[in-house]
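Structure data follow from protein.csv (CSV, C-alpha atoms):
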chain,number,residue,atom,x,y,z
F,1,MET,CA,65.9,312.8,12.1
F,2,PHE,CA,63.7,311.7,9.2
F,3,GLY,CA,65.0,313.6,6.4
F,4,VAL,CA,67.5,311.0,5.3
F,5,ALA,CA,64.8,308.4,4.8
F,6,VAL,CA,63.0,310.7,2.3
F,7,SER,CA,65.9,310.4,0.0
F,8,ALA,CA,65.8,306.6,0.0
F,9,VAL,CA,65.9,305.0,-3.4
F,10,VAL,CA,62.5,303.5,-4.0
F,11,LEU,CA,62.8,300.2,-5.7
F,12,SER,CA,59.9,298.9,-7.8
F,13,ALA,CA,57.9,296.1,-6.4
F,14,CYS,CA,57.9,294.6,-9.9
F,15,GLY,CA,60.7,292.6,-11.4
F,16,SER,CA,62.7,289.5,-10.8
F,17,SER,CA,63.0,287.8,-7.5
F,18,GLY,CA,66.7,288.5,-7.5
F,19,THR,CA,69.5,286.5,-6.0
F,20,GLN,CA,69.3,284.1,-3.1
F,21,SER,CA,72.0,283.7,-0.5
F,22,PRO,CA,72.0,282.0,2.8
F,23,GLU,CA,71.7,284.1,6.0
F,24,SER,CA,72.3,282.6,9.4
F,25,ALA,CA,69.1,282.4,11.4
F,26,GLY,CA,70.8,283.7,14.5
F,27,ALA,CA,69.3,284.5,17.9
F,28,PRO,CA,65.8,286.0,18.3
F,29,VAL,CA,65.6,289.7,17.5
F,30,ALA,CA,63.9,292.2,19.8
F,31,LEU,CA,61.7,294.6,17.8
F,32,PRO,CA,62.6,298.3,18.5
F,33,ALA,CA,61.0,299.8,21.5
F,34,VAL,CA,59.2,302.5,19.5
F,35,GLU,CA,55.6,303.6,19.7
F,36,VAL,CA,53.9,303.6,16.3
F,37,ILE,CA,50.5,304.4,15.0
F,38,ASP,CA,48.1,301.6,13.8
F,39,VAL,CA,46.6,303.4,10.8
F,40,THR,CA,43.9,300.8,10.2
F,41,ALA,CA,42.8,300.6,13.8
F,42,ASP,CA,43.5,304.3,14.7
F,43,ARG,CA,45.4,303.5,17.9
F,44,ARG,CA,49.0,303.6,19.2
F,45,VAL,CA,51.0,300.4,19.4
F,46,GLN,CA,54.3,299.5,21.1
F,47,LEU,CA,56.3,297.8,18.4
F,48,ASP,CA,58.4,295.6,20.8
F,49,GLU,CA,55.3,294.0,22.2
F,50,LEU,CA,54.5,292.3,18.9
F,51,LEU,CA,57.2,289.7,19.3
F,52,PRO,CA,57.5,287.1,20.7
F,53,SER,CA,54.1,286.0,19.7
F,54,ASP,CA,52.1,282.9,19.0
F,55,ARG,CA,52.6,283.2,15.3
F,56,PRO,CA,55.2,284.3,12.8
F,57,LEU,CA,55.3,287.9,11.7
F,58,LEU,CA,55.9,289.2,8.2
F,59,ILE,CA,56.8,292.9,8.2
F,60,TRP,CA,56.4,294.8,4.9
F,61,PHE,CA,58.1,298.1,4.9
F,62,TRP,CA,56.2,300.8,3.0
F,63,ALA,CA,56.0,304.5,2.5
F,64,PRO,CA,53.0,306.5,1.4
F,65,HIS,CA,55.0,307.8,-1.7
X,1,MET,CA,51.8,293.6,8.8
X,2,GLY,CA,52.9,296.9,7.2
X,3,LEU,CA,55.4,299.2,8.9
X,4,GLY,CA,55.6,302.5,7.2
X,5,THR,CA,57.5,305.8,7.7
X,6,GLN,CA,58.4,308.9,5.7
X,7,ASP,CA,55.9,311.6,4.6
X,8,ASP,CA,53.1,312.3,7.0
X,9,MET,CA,50.1,310.8,8.8
X,10,ASP,CA,47.6,312.2,6.3
X,11,GLN,CA,49.5,310.6,3.4
X,12,ALA,CA,49.7,307.4,5.4
X,13,ASN,CA,45.9,307.4,5.8
X,14,GLU,CA,45.4,308.2,2.2
X,15,PHE,CA,47.7,305.3,1.1
X,16,VAL,CA,45.8,302.8,3.3
X,17,ASP,CA,42.4,304.1,2.0
X,18,ARG,CA,43.5,304.3,-1.7
X,19,PHE,CA,44.6,300.6,-1.8
X,20,GLU,CA,41.8,299.5,0.5
X,21,LEU,CA,44.2,297.8,2.9
X,22,THR,CA,42.6,295.9,5.7
X,23,HIS,CA,45.6,294.1,7.3
X,24,THR,CA,47.5,295.9,10.1
X,25,MET,CA,49.3,298.9,8.8
X,26,LEU,CA,51.6,300.6,11.2
X,27,TRP,CA,53.2,304.0,10.6
X,28,ASP,CA,56.2,305.3,12.5
X,29,GLU,CA,56.7,309.1,12.4
X,30,SER,CA,60.2,308.8,13.9
X,31,TYR,CA,61.9,306.5,11.3
X,32,GLU,CA,63.6,304.9,14.3
X,33,SER,CA,62.0,301.5,13.8
X,34,TRP,CA,63.4,301.2,10.3
X,35,ALA,CA,66.8,302.4,11.4
X,36,GLN,CA,67.0,299.8,14.1
X,37,LEU,CA,65.8,297.0,11.9
X,38,GLY,CA,68.3,297.7,9.2
X,39,VAL,CA,65.8,299.1,6.7
X,40,ALA,CA,66.7,302.1,4.4
X,41,LEU,CA,65.0,301.1,1.2
X,42,GLN,CA,61.4,300.2,0.3
X,43,PRO,CA,59.5,298.2,-0.5
X,44,SER,CA,61.2,295.5,1.5
X,45,ALA,CA,60.2,292.9,4.0
X,46,GLN,CA,61.4,290.8,6.9
X,47,LEU,CA,60.0,287.6,8.2
X,48,PHE,CA,60.3,286.6,11.9
X,49,ALA,CA,59.4,283.3,13.6
X,50,ALA,CA,57.1,283.5,16.6
X,51,ASP,CA,60.1,283.7,18.9
X,52,GLY,CA,61.6,286.6,17.1
X,53,THR,CA,64.2,284.8,15.0
X,54,ARG,CA,64.6,286.5,11.7
X,55,LEU,CA,63.9,283.9,8.9
X,56,GLY,CA,64.3,286.0,5.8
X,57,SER,CA,64.6,289.4,4.3
X,58,TRP,CA,63.7,290.8,0.9
X,59,LEU,CA,64.4,294.0,-1.0
X,60,GLY,CA,61.7,294.5,-3.6
X,61,PRO,CA,59.1,291.8,-4.1
X,62,PHE,CA,58.8,288.7,-2.0
X,63,ASP,CA,57.4,285.3,-2.9
X,64,ASP,CA,54.4,284.0,-1.0
X,65,GLU,CA,55.4,280.4,-1.4
X,66,GLU,CA,58.9,281.2,-0.1
X,67,VAL,CA,57.4,282.9,2.9
X,68,LEU,CA,55.2,279.9,3.7
X,69,ALA,CA,58.1,277.5,3.2
X,70,LEU,CA,60.2,279.5,5.6
X,71,VAL,CA,57.5,279.5,8.2
X,72,ALA,CA,57.0,275.7,7.8
X,73,GLY,CA,60.7,275.3,8.2
X,74,SER,CA,61.1,273.5,4.9
X,75,ARG,CA,63.9,275.8,3.8
X,76,SER,CA,66.6,277.7,5.5
X,77,ALA,CA,66.7,281.5,6.1
X,78,ALA,CA,67.3,283.5,3.0
X,79,THR,CA,67.8,287.0,1.7
X,80,SER,CA,66.5,288.2,-1.7
X,81,GLN,CA,67.4,291.4,-3.4
X,82,VAL,CA,67.0,293.1,-6.7
X,83,ALA,CA,69.6,295.8,-6.4
X,84,SER,CA,72.5,296.2,-8.8
X,85,SER,CA,76.2,296.5,-7.9
X,86,GLY,CA,76.0,300.1,-9.0
X,87,GLN,CA,73.3,300.8,-6.4
X,88,PHE,CA,75.4,299.0,-3.7
X,89,CYS,CA,78.5,301.1,-4.5
X,90,ARG,CA,76.5,304.3,-4.4
X,91,PHE,CA,75.5,303.5,-0.9
X,92,VAL,CA,79.0,302.5,0.1
X,93,ASP,CA,80.1,305.9,-1.3
X,94,ARG,CA,77.4,307.5,0.8
X,95,PHE,CA,78.6,305.7,3.9
X,96,ALA,CA,82.1,307.0,3.3
X,97,ARG,CA,80.8,310.6,3.0
X,98,ALA,CA,78.7,310.1,6.1
X,99,GLN,CA,81.9,309.1,7.9
X,100,VAL,CA,83.5,312.3,6.8
X,101,ASP,CA,80.5,314.3,8.0
X,102,ALA,CA,80.6,312.5,11.3
X,103,GLY,CA,83.9,314.2,12.0
X,104,GLY,CA,81.8,317.2,12.9
X,105,TYR,CA,79.8,315.3,15.6
X,106,VAL,CA,81.5,316.8,18.6
X,107,ASN,CA,80.8,320.4,17.5
X,108,ALA,CA,77.3,319.8,16.2
X,109,SER,CA,74.1,320.6,17.9
X,110,SER,CA,72.0,317.8,19.4
X,111,ASP,CA,69.8,317.7,16.3
X,112,GLY,CA,72.9,317.8,14.2
X,113,ARG,CA,74.3,314.8,16.1
X,114,GLY,CA,71.1,312.9,15.5
X,115,ARG,CA,71.3,313.6,11.8
X,116,ILE,CA,74.9,312.4,11.6
X,117,LEU,CA,73.9,309.1,13.2
X,118,ASP,CA,70.8,308.9,10.9
X,119,ASP,CA,73.1,309.4,7.9
X,120,LEU,CA,75.5,306.7,9.1
X,121,ARG,CA,72.7,304.3,9.8
X,122,PHE,CA,70.9,305.0,6.6
X,123,ALA,CA,74.0,304.5,4.4
X,124,ALA,CA,75.0,301.3,6.3
X,125,ASN,CA,71.5,299.8,6.2
X,126,ALA,CA,71.1,300.6,2.5
X,127,SER,CA,74.5,299.1,1.8
X,128,GLU,CA,73.4,296.0,3.7
X,129,GLN,CA,70.1,295.8,1.8
X,130,THR,CA,71.9,296.0,-1.6
X,131,ALA,CA,75.1,294.1,-0.9
X,132,PRO,CA,76.0,291.3,-3.4
X,133,PRO,CA,76.1,287.8,-2.0
X,134,ASP,CA,79.9,287.6,-1.7
X,135,LEU,CA,80.0,290.7,0.5
X,136,HIS,CA,76.7,290.3,2.3
X,137,THR,CA,77.9,288.8,5.5
X,138,ALA,CA,80.7,291.4,6.0
X,139,VAL,CA,78.4,294.3,5.2
X,140,THR,CA,75.7,292.9,7.4
X,141,ASP,CA,78.2,292.8,10.3
X,142,LEU,CA,79.3,296.4,9.6
X,143,ALA,CA,75.7,297.6,9.5
X,144,ALA,CA,74.9,295.8,12.7
X,145,ALA,CA,77.9,297.4,14.3
X,146,VAL,CA,76.9,300.9,13.1
X,147,ARG,CA,73.4,300.4,14.5
X,148,ALA,CA,74.6,299.2,17.8
X,149,HIS,CA,77.1,302.1,18.1
X,150,ALA,CA,74.5,304.7,17.1
X,151,GLN,CA,72.1,303.2,19.6
X,152,THR,CA,74.6,303.5,22.4
X,153,LEU,CA,75.0,307.2,21.7
X,154,ILE,CA,71.3,307.7,21.4
X,155,ASP,CA,70.6,305.9,24.7
X,156,ALA,CA,73.3,308.1,26.3
X,157,GLY,CA,71.6,311.3,25.1
X,158,LEU,CA,73.9,312.1,22.2
X,159,PRO,CA,76.8,313.3,24.4
X,160,ASP,CA,79.2,315.7,22.9
X,161,ASP,CA,82.0,313.6,24.3
X,162,PRO,CA,81.1,310.1,23.0
X,163,GLY,CA,84.2,308.3,24.3
X,164,ALA,CA,82.9,307.1,27.6
X,165,ALA,CA,79.6,306.0,26.3
X,166,THR,CA,80.9,303.8,23.5
X,167,THR,CA,83.6,301.7,25.1
X,168,ALA,CA,81.7,298.5,24.2
X,169,THR,CA,80.5,299.3,20.7
X,170,ARG,CA,83.4,301.2,19.3
X,171,PRO,CA,85.8,298.3,19.1
X,172,VAL,CA,83.2,296.1,17.4
X,173,LEU,CA,82.6,298.8,14.8
X,174,VAL,CA,86.3,299.4,14.2
X,175,SER,CA,86.8,295.6,13.8
X,176,ALA,CA,83.9,295.4,11.3
X,177,LEU,CA,85.4,298.3,9.3
X,178,ASP,CA,88.8,296.6,9.3
X,179,SER,CA,87.2,293.5,7.9
X,180,VAL,CA,85.2,295.1,5.1
X,181,ARG,CA,87.5,298.0,4.1
X,182,GLU,CA,89.7,296.1,1.5
X,183,PRO,CA,86.8,294.1,0.0
X,184,LEU,CA,84.8,297.3,-0.5
X,185,ARG,CA,87.8,299.1,-2.0
X,186,GLU,CA,88.1,296.2,-4.5
X,187,ALA,CA,84.4,296.1,-5.3
X,188,CYS,CA,83.6,299.8,-5.4
X,189,GLY,CA,86.9,301.7,-5.3
X,190,THR,CA,85.7,303.4,-2.1
X,191,GLY,CA,88.0,303.9,0.8
X,192,LEU,CA,86.3,303.8,4.2
X,193,GLY,CA,87.7,305.7,7.1
X,194,ALA,CA,89.5,303.9,9.9
X,195,GLU,CA,86.8,304.8,12.3
X,196,ALA,CA,83.2,305.7,11.8
X,197,THR,CA,83.4,308.7,14.1
X,198,PRO,CA,82.0,309.6,16.5
Now that the file is in, can you turn its structure into structure tokens?
Amino acid sequence: MFGVAVSAVVLSACGSSGTQSPESAGAPVALPAVEVIDVTADRRVQLDELLPSDRPLLIWFWAPH
Amino acid sequence: MGLGTQDDMDQANEFVDRFELTHTMLWDESYESWAQLGVALQPSAQLFAADGTRLGSWLGPFDDEEVLALVAGSRSAATSQVASSGQFCRFVDRFARAQVDAGGYVNASSDGRGRILDDLRFAANASEQTAPPDLHTAVTDLAAAVRAHAQTLIDAGLPDDPGAATTATRPVLVSALDSVREPLREACGTGLGAEATP
């Protein structure tokens, strides 16, 4: 299931800020009901329990390589 | 908060240690979170309001001041991307190939069906993340339809006869494909299939 992600094009974090275009805000989004590992706290977390919350959430998508 | 996937847990730990990261860093061994959130390429980011409303998305770098302005409500939701039209068209081509491969869904093993859906979601999400502004809305609608359709099949246990499970999501997907087919042919010269089978 995960092999396709490995071939993802990795874009540099450096460079221009790129183009801006409007995006409709839309309805609230439910985060996926997936159990993930909190690497920094060494525990498992249910992703969909993180929103709604009492504060905004910025998710940065990363990969070890 | 970081949400990572790919590679393995040891490499995830090594990454966090190497860069001395102290904020929450999640890692998803399944890739499912990225697929459902429309993420195929990294680094990228998405900003959500406290109620879950998506305020912005970025491919490549994001600007701290812009994030704070979005949270404060002093500017409207935005997308930012650094991809070229060549990258976008490569992913559109990949989506077209994934459609062809999806023709083998019925005769594939359960794992094979999962890979077919992953390929479709990956190509649709990557196309969305790299779409030029004039095509962004249509490609976003297509990617959302692909994700919803794939999720229906996954929730149904990847049935070998997908017809009964997809009565709600298939028409939406076909409609999204109809809307985007000609613009993508003009932009990339790629012809998408009439239906993203299964």
*Could you work out how far CA of Leu51 in chain F lies from CA of Trp27 in chain X, giving the answer in Å with one decimal?*
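Computing it gives 17.2 Å between the two atoms.
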*Select, counting all atoms listed in the file, all protein, DNA and RNA residues no farther than 12 Å from (90.8, 296.0, 5.3) in file coordinates, and express the selection as a PyMOL selection string.*
chain X and resi 138+174-186+190-195
_Can you tell me which residues surround range 152-165 of chain X at a distance of at most 9 Å, considering all atoms listed in the file, apart from same-chain residues fewer than 2 positions away, and format the answer as a list in words?_
Tyr105, Val106, Asn107, Ala108, Ser109, Ser110, Arg113, Gly114, Leu117, Arg147, Ala148, His149, Ala150, Thr167, Ala168, Thr169, Arg170 and Pro198 of chain X
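Nearest residue to Pro28 in chain F, choosing from X:Phe122, X:Phe19, X:Phe48, X:Trp34 and counting all atoms listed in the file: X:Phe48.
Compared by their closest atoms to chain F, and using all atoms listed in the file, the residues X:Asp28, X:Glu65, X:Asp93, X:Asp10 rank with X:Asp28 nearest.
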*Within 8 Å of range 61-63 of chain F using all atoms listed in the file, minus same-chain residues under 4 positions, as a list in words*: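 Answer for this query is Gly2, Leu3, Gly4, Thr5, Gln6, Asp7, Ala12, Val39, Gln42, Pro43, Ser44 and Ala45 of chain X.
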*Can you find the residues with an atom no farther than 10 Å from (60.2, 284.5, 20.3), counting only C-alpha atoms, and report them as number ranges by chain?*
F: 27-30, 50-56; X: 48-54
_Polymer residues at most 12 Å from Asp42 in chain F, all atoms listed in the file, same-chain spacing of 3 or more positions, as a count of residues only_ = 13
*Between F:Pro64, F:Gly26, F:Leu31, F:Arg44, single out the one closest to Glu32 in chain X, counting all atoms listed in the file.*
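Using all atoms listed in the file, Glu32 in chain X sits closest to F:Leu31.
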*What does the distance between CA of Arg75 in chain X and CA of Leu55 in chain X come to in Å, to one decimal place?*
9.6 Å
*In Å to one decimal, how far is CA of Leu47 in chain F from CA of Phe88 in chain X?*
29.2 Å
*Given the choices X:Gly103, X:Pro171, X:Gly189, X:Gly38, which gets closest to chain F if the distance is worked out from all atoms listed in the file?*
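The shortest atom-to-atom distance to chain F comes from X:Gly38.
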*Would you please work out which residue, of X:Pro133, X:Arg18, X:Ala35, X:Leu70, is nearest to chain F when using only C-alpha atoms?*
X:Pro133
*asked:* Ranking X:Leu173, X:Leu68, X:Met1, X:Leu59 by minimum distance to Val139 in chain X and counting all atoms listed in the file, which one comes first?
replied: X:Leu173
From the block you just saw, export range 102-145 of chain X: N, CA and C atoms, as a tab-separated table (two decimals), in the first residue's frame.
chain	number	residue	atom	x	y	z
X	102	ALA	N	-6.19	0.33	-13.57
X	102	ALA	CA	-7.37	0.04	-12.75
X	102	ALA	C	-8.36	-0.87	-13.48
X	103	GLY	N	-8.17	-1.02	-14.78
X	103	GLY	CA	-9.00	-1.96	-15.52
X	103	GLY	C	-8.81	-3.39	-15.04
X	104	GLY	N	-7.70	-3.66	-14.37
X	104	GLY	CA	-7.43	-5.00	-13.85
X	104	GLY	C	-7.92	-5.21	-12.44
X	105	TYR	N	-8.68	-4.26	-11.92
X	105	TYR	CA	-9.12	-4.33	-10.51
X	105	TYR	C	-9.88	-5.61	-10.20
X	106	VAL	N	-10.83	-5.94	-11.02
X	106	VAL	CA	-11.74	-7.06	-10.73
X	106	VAL	C	-10.96	-8.37	-10.58
X	107	ASN	N	-9.93	-8.55	-11.40
X	107	ASN	CA	-9.19	-9.81	-11.37
X	107	ASN	C	-7.96	-9.76	-10.47
X	108	ALA	N	-7.75	-8.65	-9.81
X	108	ALA	CA	-6.57	-8.51	-8.96
X	108	ALA	C	-6.82	-9.13	-7.59
X	109	SER	N	-5.72	-9.43	-6.90
X	109	SER	CA	-5.82	-9.89	-5.51
X	109	SER	C	-6.24	-8.70	-4.65
X	110	SER	N	-6.53	-8.98	-3.39
X	110	SER	CA	-6.92	-7.91	-2.48
X	110	SER	C	-5.80	-6.87	-2.36
X	111	ASP	N	-4.56	-7.35	-2.24
X	111	ASP	CA	-3.43	-6.42	-2.18
X	111	ASP	C	-3.31	-5.62	-3.48
X	112	GLY	N	-3.54	-6.32	-4.59
X	112	GLY	CA	-3.46	-5.65	-5.88
X	112	GLY	C	-4.52	-4.57	-6.02
X	113	ARG	N	-5.70	-4.84	-5.51
X	113	ARG	CA	-6.76	-3.81	-5.54
X	113	ARG	C	-6.37	-2.61	-4.70
X	114	GLY	N	-5.76	-2.89	-3.56
X	114	GLY	CA	-5.30	-1.79	-2.72
X	114	GLY	C	-4.26	-0.93	-3.44
X	115	ARG	N	-3.33	-1.61	-4.14
X	115	ARG	CA	-2.30	-0.85	-4.86
X	115	ARG	C	-2.91	-0.04	-6.00
X	116	ILE	N	-3.91	-0.59	-6.66
X	116	ILE	CA	-4.58	0.15	-7.74
X	116	ILE	C	-5.21	1.43	-7.19
X	117	LEU	N	-5.88	1.31	-6.06
X	117	LEU	CA	-6.51	2.50	-5.46
X	117	LEU	C	-5.45	3.48	-4.97
X	118	ASP	N	-4.35	2.96	-4.42
X	118	ASP	CA	-3.27	3.84	-3.98
X	118	ASP	C	-2.69	4.61	-5.16
X	119	ASP	N	-2.50	3.92	-6.29
X	119	ASP	CA	-1.96	4.59	-7.48
X	119	ASP	C	-2.89	5.70	-7.94
X	120	LEU	N	-4.18	5.40	-7.97
X	120	LEU	CA	-5.15	6.42	-8.41
X	120	LEU	C	-5.14	7.61	-7.45
X	121	ARG	N	-5.12	7.32	-6.14
X	121	ARG	CA	-5.13	8.42	-5.17
X	121	ARG	C	-3.84	9.22	-5.23
X	122	PHE	N	-2.72	8.50	-5.35
X	122	PHE	CA	-1.43	9.21	-5.42
X	122	PHE	C	-1.40	10.15	-6.62
X	123	ALA	N	-1.77	9.64	-7.78
X	123	ALA	CA	-1.69	10.47	-9.00
X	123	ALA	C	-2.68	11.63	-8.94
X	124	ALA	N	-3.88	11.37	-8.41
X	124	ALA	CA	-4.87	12.45	-8.29
X	124	ALA	C	-4.41	13.50	-7.29
X	125	ASN	N	-3.88	13.05	-6.15
X	125	ASN	CA	-3.42	14.00	-5.13
X	125	ASN	C	-2.22	14.81	-5.63
X	126	ALA	N	-1.30	14.15	-6.31
X	126	ALA	CA	-0.13	14.86	-6.84
X	126	ALA	C	-0.56	15.87	-7.91
X	127	SER	N	-1.53	15.49	-8.72
X	127	SER	CA	-2.05	16.43	-9.72
X	127	SER	C	-2.66	17.64	-9.04
X	128	GLU	N	-3.42	17.39	-7.96
X	128	GLU	CA	-4.04	18.50	-7.23
X	128	GLU	C	-2.97	19.41	-6.63
X	129	GLN	N	-1.94	18.81	-6.05
X	129	GLN	CA	-0.91	19.62	-5.38
X	129	GLN	C	-0.09	20.46	-6.36
X	130	THR	N	-0.05	20.05	-7.62
X	130	THR	CA	0.78	20.76	-8.60
X	130	THR	C	-0.05	21.49	-9.65
X	131	ALA	N	-1.37	21.50	-9.51
X	131	ALA	CA	-2.24	22.08	-10.55
X	131	ALA	C	-2.01	23.59	-10.66
X	132	PRO	N	-1.96	24.11	-11.88
X	132	PRO	CA	-1.86	25.56	-12.05
X	132	PRO	C	-3.16	26.22	-11.60
X	133	PRO	N	-3.11	27.51	-11.26
X	133	PRO	CA	-4.28	28.19	-10.71
X	133	PRO	C	-5.54	28.04	-11.55
X	134	ASP	N	-5.42	28.11	-12.86
X	134	ASP	CA	-6.63	28.06	-13.69
X	134	ASP	C	-7.28	26.68	-13.72
X	135	LEU	N	-6.56	25.66	-13.31
X	135	LEU	CA	-7.13	24.31	-13.29
X	135	LEU	C	-7.33	23.78	-11.87
X	136	HIS	N	-6.93	24.60	-10.90
X	136	HIS	CA	-6.87	24.08	-9.53
X	136	HIS	C	-8.23	23.61	-9.02
X	137	THR	N	-9.27	24.38	-9.24
X	137	THR	CA	-10.59	24.01	-8.70
X	137	THR	C	-11.08	22.70	-9.32
X	138	ALA	N	-10.96	22.58	-10.64
X	138	ALA	CA	-11.45	21.37	-11.31
X	138	ALA	C	-10.65	20.14	-10.89
X	139	VAL	N	-9.32	20.31	-10.79
X	139	VAL	CA	-8.48	19.16	-10.41
X	139	VAL	C	-8.70	18.81	-8.93
X	140	THR	N	-8.95	19.81	-8.10
X	140	THR	CA	-9.27	19.55	-6.69
X	140	THR	C	-10.56	18.75	-6.59
X	141	ASP	N	-11.56	19.11	-7.38
X	141	ASP	CA	-12.82	18.36	-7.38
X	141	ASP	C	-12.59	16.91	-7.82
X	142	LEU	N	-11.75	16.74	-8.85
X	142	LEU	CA	-11.45	15.39	-9.32
X	142	LEU	C	-10.75	14.57	-8.23
X	143	ALA	N	-9.75	15.18	-7.61
X	143	ALA	CA	-9.00	14.45	-6.57
X	143	ALA	C	-9.91	14.09	-5.40
X	144	ALA	N	-10.78	15.00	-5.02
X	144	ALA	CA	-11.72	14.72	-3.93
X	144	ALA	C	-12.64	13.57	-4.30
X	145	ALA	N	-13.07	13.54	-5.55
X	145	ALA	CA	-13.95	12.46	-6.00
X	145	ALA	C	-13.21	11.12	-6.02
